[in-house]
Each structure stands twice: as C-alpha cells, then as structure tokens.
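The file entry-v2.pdb comes next; it holds PDB, C-alpha atoms.
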ATOM      1  CA  ASN A   1      88.539  20.706  17.161  1.00  0.00           C
ATOM      2  CA  SER A   2      90.550  23.885  17.622  1.00  0.00           C
ATOM      3  CA  LEU A   3      88.623  25.322  14.645  1.00  0.00           C
ATOM      4  CA  GLN A   4      85.254  25.119  16.373  1.00  0.00           C
ATOM      5  CA  PRO A   5      85.787  28.122  18.659  1.00  0.00           C
ATOM      6  CA  ALA A   6      86.894  30.224  15.663  1.00  0.00           C
ATOM      7  CA  ALA A   7      83.834  29.088  13.709  1.00  0.00           C
ATOM      8  CA  SER A   8      81.692  29.886  16.713  1.00  0.00           C
ATOM      9  CA  ARG A   9      83.226  33.361  16.929  1.00  0.00           C
ATOM     10  CA  ARG A  10      82.554  33.926  13.217  1.00  0.00           C
ATOM     11  CA  ALA A  11      78.951  32.826  13.665  1.00  0.00           C
ATOM     12  CA  ARG A  12      78.591  35.202  16.630  1.00  0.00           C
ATOM     13  CA  TRP A  13      80.156  38.007  14.578  1.00  0.00           C
ATOM     14  CA  GLY A  14      77.690  37.337  11.748  1.00  0.00           C
ATOM     15  CA  LEU A  15      74.819  37.411  14.227  1.00  0.00           C
ATOM     16  CA  ALA A  16      76.078  40.717  15.634  1.00  0.00           C
ATOM     17  CA  MET A  17      76.293  42.254  12.157  1.00  0.00           C
ATOM     18  CA  GLU A  18      72.750  41.150  11.318  1.00  0.00           C
ATOM     19  CA  MET A  19      71.512  42.508  14.658  1.00  0.00           C
ATOM     20  CA  LEU A  20      73.322  45.783  13.953  1.00  0.00           C
ATOM     21  CA  ASP A  21      71.444  46.042  10.657  1.00  0.00           C
ATOM     22  CA  VAL A  22      68.074  45.587  12.399  1.00  0.00           C
ATOM     23  CA  TYR A  23      69.126  48.058  15.115  1.00  0.00           C
ATOM     24  CA  SER A  24      70.130  50.640  12.472  1.00  0.00           C
ATOM     25  CA  GLN A  25      66.798  50.345  10.646  1.00  0.00           C
ATOM     26  CA  TYR A  26      64.878  51.073  13.839  1.00  0.00           C
ATOM     27  CA  VAL A  27      67.250  53.903  14.837  1.00  0.00           C
ATOM     28  CA  ARG A  28      66.397  55.684  11.575  1.00  0.00           C
ATOM     29  CA  PHE A  29      62.668  54.856  11.601  1.00  0.00           C
ATOM     30  CA  GLY A  30      60.490  57.921  12.141  1.00  0.00           C
ATOM     31  CA  GLU A  31      63.430  60.273  12.672  1.00  0.00           C
ATOM     32  CA  THR A  32      63.511  63.630  10.939  1.00  0.00           C
ATOM     33  CA  GLY A  33      66.503  65.895  10.750  1.00  0.00           C
ATOM     34  CA  GLY A  34      69.012  63.044  10.662  1.00  0.00           C
ATOM     35  CA  ASN A  35      69.147  62.370  14.421  1.00  0.00           C
ATOM     36  CA  THR A  36      70.431  58.799  14.397  1.00  0.00           C
ATOM     37  CA  THR A  37      72.577  58.755  17.523  1.00  0.00           C
ATOM     38  CA  GLY A  38      70.757  55.858  19.171  1.00  0.00           C
ATOM     39  CA  LEU A  39      67.551  53.874  19.522  1.00  0.00           C
ATOM     40  CA  THR A  40      64.629  55.555  21.288  1.00  0.00           C
ATOM     41  CA  SER A  41      62.373  53.764  23.736  1.00  0.00           C
ATOM     42  CA  ARG A  42      59.457  54.182  21.317  1.00  0.00           C
ATOM     43  CA  ASN A  43      61.358  52.427  18.529  1.00  0.00           C
ATOM     44  CA  PHE A  44      62.648  49.744  20.905  1.00  0.00           C
ATOM     45  CA  VAL A  45      59.040  48.885  21.806  1.00  0.00           C
ATOM     46  CA  LYS A  46      58.077  49.047  18.106  1.00  0.00           C
ATOM     47  CA  LEU A  47      60.834  46.573  17.239  1.00  0.00           C
ATOM     48  CA  ALA A  48      59.662  44.244  20.001  1.00  0.00           C
ATOM     49  CA  LYS A  49      56.065  44.421  18.762  1.00  0.00           C
ATOM     50  CA  ASP A  50      57.098  43.890  15.135  1.00  0.00           C
ATOM     51  CA  ALA A  51      59.223  40.901  16.202  1.00  0.00           C
ATOM     52  CA  LYS A  52      56.313  39.525  18.271  1.00  0.00           C
ATOM     53  CA  ILE A  53      58.385  39.620  21.448  1.00  0.00           C
ATOM     54  CA  VAL A  54      55.572  41.268  23.404  1.00  0.00           C
ATOM     55  CA  ASP A  55      53.454  38.555  25.015  1.00  0.00           C
ATOM     56  CA  LYS A  56      52.244  37.513  28.473  1.00  0.00           C
ATOM     57  CA  LYS A  57      55.809  37.233  29.813  1.00  0.00           C
ATOM     58  CA  ILE A  58      57.208  40.390  28.225  1.00  0.00           C
ATOM     59  CA  SER A  59      54.943  43.428  28.346  1.00  0.00           C
ATOM     60  CA  THR A  60      55.624  46.936  27.082  1.00  0.00           C
ATOM     61  CA  THR A  61      56.279  47.908  30.700  1.00  0.00           C
ATOM     62  CA  THR A  62      58.980  45.230  30.893  1.00  0.00           C
ATOM     63  CA  LEU A  63      60.481  46.634  27.694  1.00  0.00           C
ATOM     64  CA  ASP A  64      60.468  50.185  29.084  1.00  0.00           C
ATOM     65  CA  LEU A  65      62.120  49.053  32.307  1.00  0.00           C
ATOM     66  CA  ALA A  66      64.770  47.075  30.414  1.00  0.00           C
ATOM     67  CA  PHE A  67      65.397  50.083  28.151  1.00  0.00           C
ATOM     68  CA  THR A  68      65.847  52.409  31.129  1.00  0.00           C
ATOM     69  CA  LYS A  69      68.106  49.976  32.965  1.00  0.00           C
ATOM     70  CA  ALA A  70      70.236  49.413  29.861  1.00  0.00           C
ATOM     71  CA  ALA A  71      70.459  53.145  29.177  1.00  0.00           C
ATOM     72  CA  ARG A  72      71.817  53.790  32.644  1.00  0.00           C
ATOM     73  CA  ALA A  73      73.941  50.657  33.098  1.00  0.00           C
ATOM     74  CA  LEU A  74      76.353  50.952  30.200  1.00  0.00           C
ATOM     75  CA  THR A  75      76.928  54.679  29.926  1.00  0.00           C
ATOM     76  CA  THR A  76      80.481  55.848  30.247  1.00  0.00           C
ATOM     77  CA  SER A  77      81.260  57.661  33.468  1.00  0.00           C
ATOM     78  CA  GLY A  78      80.245  61.297  33.355  1.00  0.00           C
ATOM     79  CA  ASP A  79      78.429  60.995  30.018  1.00  0.00           C
ATOM     80  CA  THR A  80      75.093  62.746  30.446  1.00  0.00           C
ATOM     81  CA  SER A  81      74.600  63.728  26.799  1.00  0.00           C
ATOM     82  CA  TRP A  82      72.198  60.869  26.114  1.00  0.00           C
ATOM     83  CA  GLY A  83      70.117  61.363  29.228  1.00  0.00           C
ATOM     84  CA  GLY A  84      68.687  57.847  28.963  1.00  0.00           C
ATOM     85  CA  LYS A  85      66.542  58.758  25.954  1.00  0.00           C
ATOM     86  CA  ARG A  86      68.577  56.801  23.402  1.00  0.00           C
ATOM     87  CA  ILE A  87      70.592  53.629  23.636  1.00  0.00           C
ATOM     88  CA  SER A  88      73.633  52.411  21.714  1.00  0.00           C
ATOM     89  CA  PHE A  89      73.863  49.017  20.040  1.00  0.00           C
ATOM     90  CA  ASP A  90      75.596  47.478  23.082  1.00  0.00           C
ATOM     91  CA  GLN A  91      72.851  48.842  25.327  1.00  0.00           C
ATOM     92  CA  PHE A  92      70.240  47.457  22.915  1.00  0.00           C
ATOM     93  CA  VAL A  93      71.737  43.967  23.175  1.00  0.00           C
ATOM     94  CA  TYR A  94      71.863  44.330  26.961  1.00  0.00           C
ATOM     95  CA  ALA A  95      68.189  45.409  27.015  1.00  0.00           C
ATOM     96  CA  LEU A  96      67.258  42.278  25.055  1.00  0.00           C
ATOM     97  CA  GLN A  97      69.234  40.188  27.545  1.00  0.00           C
ATOM     98  CA  LEU A  98      67.283  41.805  30.399  1.00  0.00           C
ATOM     99  CA  CYS A  99      64.009  41.008  28.619  1.00  0.00           C
ATOM    100  CA  ALA A 100      65.086  37.395  28.111  1.00  0.00           C
ATOM    101  CA  GLU A 101      66.003  37.126  31.784  1.00  0.00           C
ATOM    102  CA  SER A 102      62.593  38.535  32.717  1.00  0.00           C
ATOM    103  CA  ALA A 103      60.827  36.034  30.439  1.00  0.00           C
ATOM    104  CA  GLY A 104      62.949  33.116  31.594  1.00  0.00           C
ATOM    105  CA  CYS A 105      64.344  32.299  28.155  1.00  0.00           C
ATOM    106  CA  GLU A 106      67.689  32.489  26.408  1.00  0.00           C
ATOM    107  CA  PRO A 107      68.650  35.796  24.738  1.00  0.00           C
ATOM    108  CA  ASP A 108      69.209  33.895  21.475  1.00  0.00           C
ATOM    109  CA  VAL A 109      65.447  33.328  21.265  1.00  0.00           C
ATOM    110  CA  LEU A 110      64.833  37.090  21.278  1.00  0.00           C
ATOM    111  CA  TYR A 111      67.735  37.705  18.881  1.00  0.00           C
ATOM    112  CA  ALA A 112      66.189  35.249  16.409  1.00  0.00           C
ATOM    113  CA  LYS A 113      62.815  36.982  16.653  1.00  0.00           C
ATOM    114  CA  CYS A 114      64.473  40.362  16.012  1.00  0.00           C
ATOM    115  CA  LEU A 115      66.348  38.983  13.011  1.00  0.00           C
ATOM    116  CA  ALA A 116      63.081  37.679  11.541  1.00  0.00           C
ATOM    117  CA  VAL A 117      61.874  41.275  11.141  1.00  0.00           C
ATOM    118  CA  SER A 118      62.779  42.556   7.687  1.00  0.00           C
ATOM    119  CA  ALA A 119      61.995  46.250   8.272  1.00  0.00           C
ATOM    120  CA  PRO A 120      59.849  48.470  10.508  1.00  0.00           C
ATOM    121  CA  SER A 121      56.169  48.047   9.705  1.00  0.00           C
ATOM    122  CA  VAL A 122      53.952  51.008   8.958  1.00  0.00           C
ATOM    123  CA  LYS A 123      50.247  50.723   9.615  1.00  0.00           C
ATOM    124  CA  ALA A 124      48.209  53.673   8.365  1.00  0.00           C
ATOM    125  CA  THR A 125      44.567  54.233   7.600  1.00  0.00           C
ATOM    126  CA  ILE A 126      43.343  55.222   4.172  1.00  0.00           C
ATOM    127  CA  ALA A 127      40.730  57.943   4.129  1.00  0.00           C
ATOM    128  CA  ASP A 128      37.321  57.177   2.693  1.00  0.00           C
ATOM    129  CA  ASN A 129      36.000  59.251  -0.179  1.00  0.00           C
ATOM    130  CA  VAL A 130      34.129  62.300   1.050  1.00  0.00           C
ATOM    131  CA  LYS A 131      31.497  63.417  -1.455  1.00  0.00           C
ATOM    132  CA  PHE A 132      31.586  67.161  -0.802  1.00  0.00           C
ATOM    133  CA  HIS A 133      35.381  67.310  -0.516  1.00  0.00           C
ATOM    134  CA  ASP A 134      36.620  65.027  -3.290  1.00  0.00           C
ATOM    135  CA  ASP A 135      33.951  65.468  -5.983  1.00  0.00           C
ATOM    136  CA  LYS A 136      34.500  68.898  -7.601  1.00  0.00           C
ATOM    137  CA  SER A 137      31.130  68.717  -9.352  1.00  0.00           C
ATOM    138  CA  THR A 138      29.475  69.231  -5.937  1.00  0.00           C
ATOM    139  CA  PHE A 139      31.388  72.464  -5.242  1.00  0.00           C
ATOM    140  CA  THR A 140      29.183  75.548  -4.951  1.00  0.00           C
ATOM    141  CA  ALA A 141      29.545  79.289  -5.547  1.00  0.00           C
ATOM    142  CA  VAL A 142      33.082  80.610  -5.050  1.00  0.00           C
ATOM    143  CA  ALA A 143      34.687  77.175  -4.673  1.00  0.00           C
ATOM    144  CA  ARG A 144      33.313  76.115  -8.079  1.00  0.00           C
ATOM    145  CA  ASN A 145      35.100  79.059  -9.685  1.00  0.00           C
ATOM    146  CA  GLY A 146      38.455  78.341  -8.101  1.00  0.00           C
ATOM    147  CA  GLY A 147      38.087  79.925  -4.672  1.00  0.00           C
ATOM    148  CA  PRO A 148      38.271  83.490  -3.380  1.00  0.00           C
ATOM    149  CA  SER A 149      40.628  86.005  -4.940  1.00  0.00           C
ATOM    150  CA  LYS A 150      42.172  89.163  -3.480  1.00  0.00           C
ATOM    151  CA  ILE A 151      42.922  90.721  -6.859  1.00  0.00           C
ATOM    152  CA  ASP A 152      39.753  90.442  -8.930  1.00  0.00           C
ATOM    153  CA  GLY A 153      38.171  93.678  -7.648  1.00  0.00           C
ATOM    154  CA  GLN A 154      35.040  92.019  -6.239  1.00  0.00           C
ATOM    155  CA  ALA A 155      33.342  93.886  -3.390  1.00  0.00           C
ATOM    156  CA  TRP A 156      33.513  90.929  -1.033  1.00  0.00           C
ATOM    157  CA  SER A 157      37.324  90.761  -1.387  1.00  0.00           C
ATOM    158  CA  LYS A 158      38.168  94.459  -0.840  1.00  0.00           C
ATOM    159  CA  GLY A 159      38.621  94.020   2.923  1.00  0.00           C
ATOM    160  CA  LEU A 160      41.205  91.240   2.466  1.00  0.00           C
ATOM    161  CA  ASN A 161      44.097  93.524   1.395  1.00  0.00           C
TER     162      ASN A 161
END

Represent the structure from my file as structure tokens, please.
Amino acid sequence: NSLQPAASRRARWGLAMEMLDVYSQYVRFGETGGNTTGLTSRNFVKLAKDAKIVDKKISTTTLDLAFTKAARALTTSGDTSWGGKRISFDQFVYALQLCAESAGCEPDVLYAKCLAVSAPSVKATIADNVKFHDDKSTFTAVARNGGPSKIDGQAWSKGLN
C-alpha cells in the first residue's frame, strides 16, 4: 500500500503536465510578437467557453473575478511587472479552483473539462461572393484596364505626381 501515494503523485504530475499543455496553447493563442509571458483574461474566458465551463453557475463575470483574484493572490511580493493582466500556470490553476468553489463542485471536474479541449477554437465568417468586386468581367473603364497609372502620360493622371 505504500506504493499508492507514489502512484497518486505520478497521476497528479501527469495531470499537471497535461494542464500545462492546455495552458500553453491558450497563452500563445492570438498573440503577436511572441509575448507569451502568461495567460490573459480574454484567453482564460475563451478556454472556459471552449471547455464548456461557462454555464448558469459559472458566468464570464465569475471567470473575470477569479482571474483578477488569482492574479493578485499569488504574485511575489513587490512584483508589479504583470499588473494583473496575465497569470502564470499556478495562478491559472488557482483561478480554476476559485471557479469550482463558486460553482460548488470539485476542481477536478473543471480540470477534466479543460483537458477535453484539444486546441483553441477559431470561429470566423466566410465572405459571400460580391458580383461587382469578385467578377472581373463586370469591371468598367479604368478598372477593366488594370487601374489608374501615374506613368502613362494620360491627362487625368498628371496631377498625381
């Protein structure tokens, strides 16, 4: 029976590594310029929506409050570089614990929902075809001939220099 606690620790470690992978995907999502120092509130809410954590018991307001509380609770003394706008992995786990407490469930339930998400979802609209924009046979005058030119010597283009 002395092996059970070690097995339990290994299982917890595996869970933490899987959670870290999900956390890392959402840290990078939508970021330009390589700023991956922590998870933003926007991406925390996105993860919760993708994992179907948001429901009647846990609203986006609850998520924002948990994010803010976690961002302020676990910062090292005197560290103001993050300013509460990004949270570390430990703060992320703490924020999920706060959400679970608010919903009256175990944190493991929320962890499982987060682990069920394979990657951040992207929902975008696809533009409809626009007859006068997409069909070049409907172009008229200058557009039919390739557009205006500043170098062809035409009278209408002399003022464009």

- Test item: the PyMOL selection byres ((chain A and resi 36) around 12) resolved as a PyMOL selection string: chain A and resi 23-35+37-40+43+86-89

- I need the residue set behind the PyMOL selection byres ((chain A and resi 117) around 10) for this file; please write it as a list in words.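 Evaluating the PyMOL selection byres ((chain A and resi 117) around 10) on these coordinates yields Val22, Leu47, Ala48, Asp50, Ala51, Lys52, Ala112, Lys113, Cys114, Leu115, Ala116, Ser118, Ala119, Pro120 and Ser121 of chain A.
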
Take the residues that were just selected and, keeping C-alpha atoms, output them as a PDB file, in the frame of the given file.
ATOM      1  CA  VAL A  22      68.074  45.587  12.399  1.00  0.00           C
ATOM      2  CA  LEU A  47      60.834  46.573  17.239  1.00  0.00           C
ATOM      3  CA  ALA A  48      59.662  44.244  20.001  1.00  0.00           C
ATOM      4  CA  ASP A  50      57.098  43.890  15.135  1.00  0.00           C
ATOM      5  CA  ALA A  51      59.223  40.901  16.202  1.00  0.00           C
ATOM      6  CA  LYS A  52      56.313  39.525  18.271  1.00  0.00           C
ATOM      7  CA  ALA A 112      66.189  35.249  16.409  1.00  0.00           C
ATOM      8  CA  LYS A 113      62.815  36.982  16.653  1.00  0.00           C
ATOM      9  CA  CYS A 114      64.473  40.362  16.012  1.00  0.00           C
ATOM     10  CA  LEU A 115      66.348  38.983  13.011  1.00  0.00           C
ATOM     11  CA  ALA A 116      63.081  37.679  11.541  1.00  0.00           C
ATOM     12  CA  SER A 118      62.779  42.556   7.687  1.00  0.00           C
ATOM     13  CA  ALA A 119      61.995  46.250   8.272  1.00  0.00           C
ATOM     14  CA  PRO A 120      59.849  48.470  10.508  1.00  0.00           C
ATOM     15  CA  SER A 121      56.169  48.047   9.705  1.00  0.00           C
TER      16      SER A 121
END

- Straight-line distance linking atom CA of Met17 of chain A with atom CA of Thr61 of chain A, stated in Å to one decimal: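 These atoms are spaced 27.9 Å apart.
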
- Using the chain letters and numbers from the file, which residues does the PyMOL selection byres ((chain A and resi 68) around 10) grab, as a list of chain:residue names?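 Applying the expression gives A:Ser41, A:Thr62, A:Leu63, A:Asp64, A:Leu65, A:Ala66, A:Phe67, A:Lys69, A:Ala70, A:Ala71, A:Arg72, A:Ala73, A:Gly84, A:Lys85, A:Arg86, A:Ile87, A:Gln91, A:Ala95.
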
Enclose the full set of atoms of segment 51-62 of chain A listed in the file within a box whose edges lie along x, y and z, apply 8 Å of padding to each of the six sides, and report centre and edge lengths in Å to one decimal as JSON.
{"center_x": 55.7, "center_y": 42.6, "center_z": 23.5, "size_x": 23.0, "size_y": 26.7, "size_z": 30.7}

- Task: Kindly indicate which residue among A:Val130, A:Val45, A:Ala124, A:Ile53 lies nearest to Pro107 of chain A, using all atoms listed in the file for the distances.
- Result: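 The shortest atom-to-atom distance to Pro107 of chain A comes from A:Ile53.
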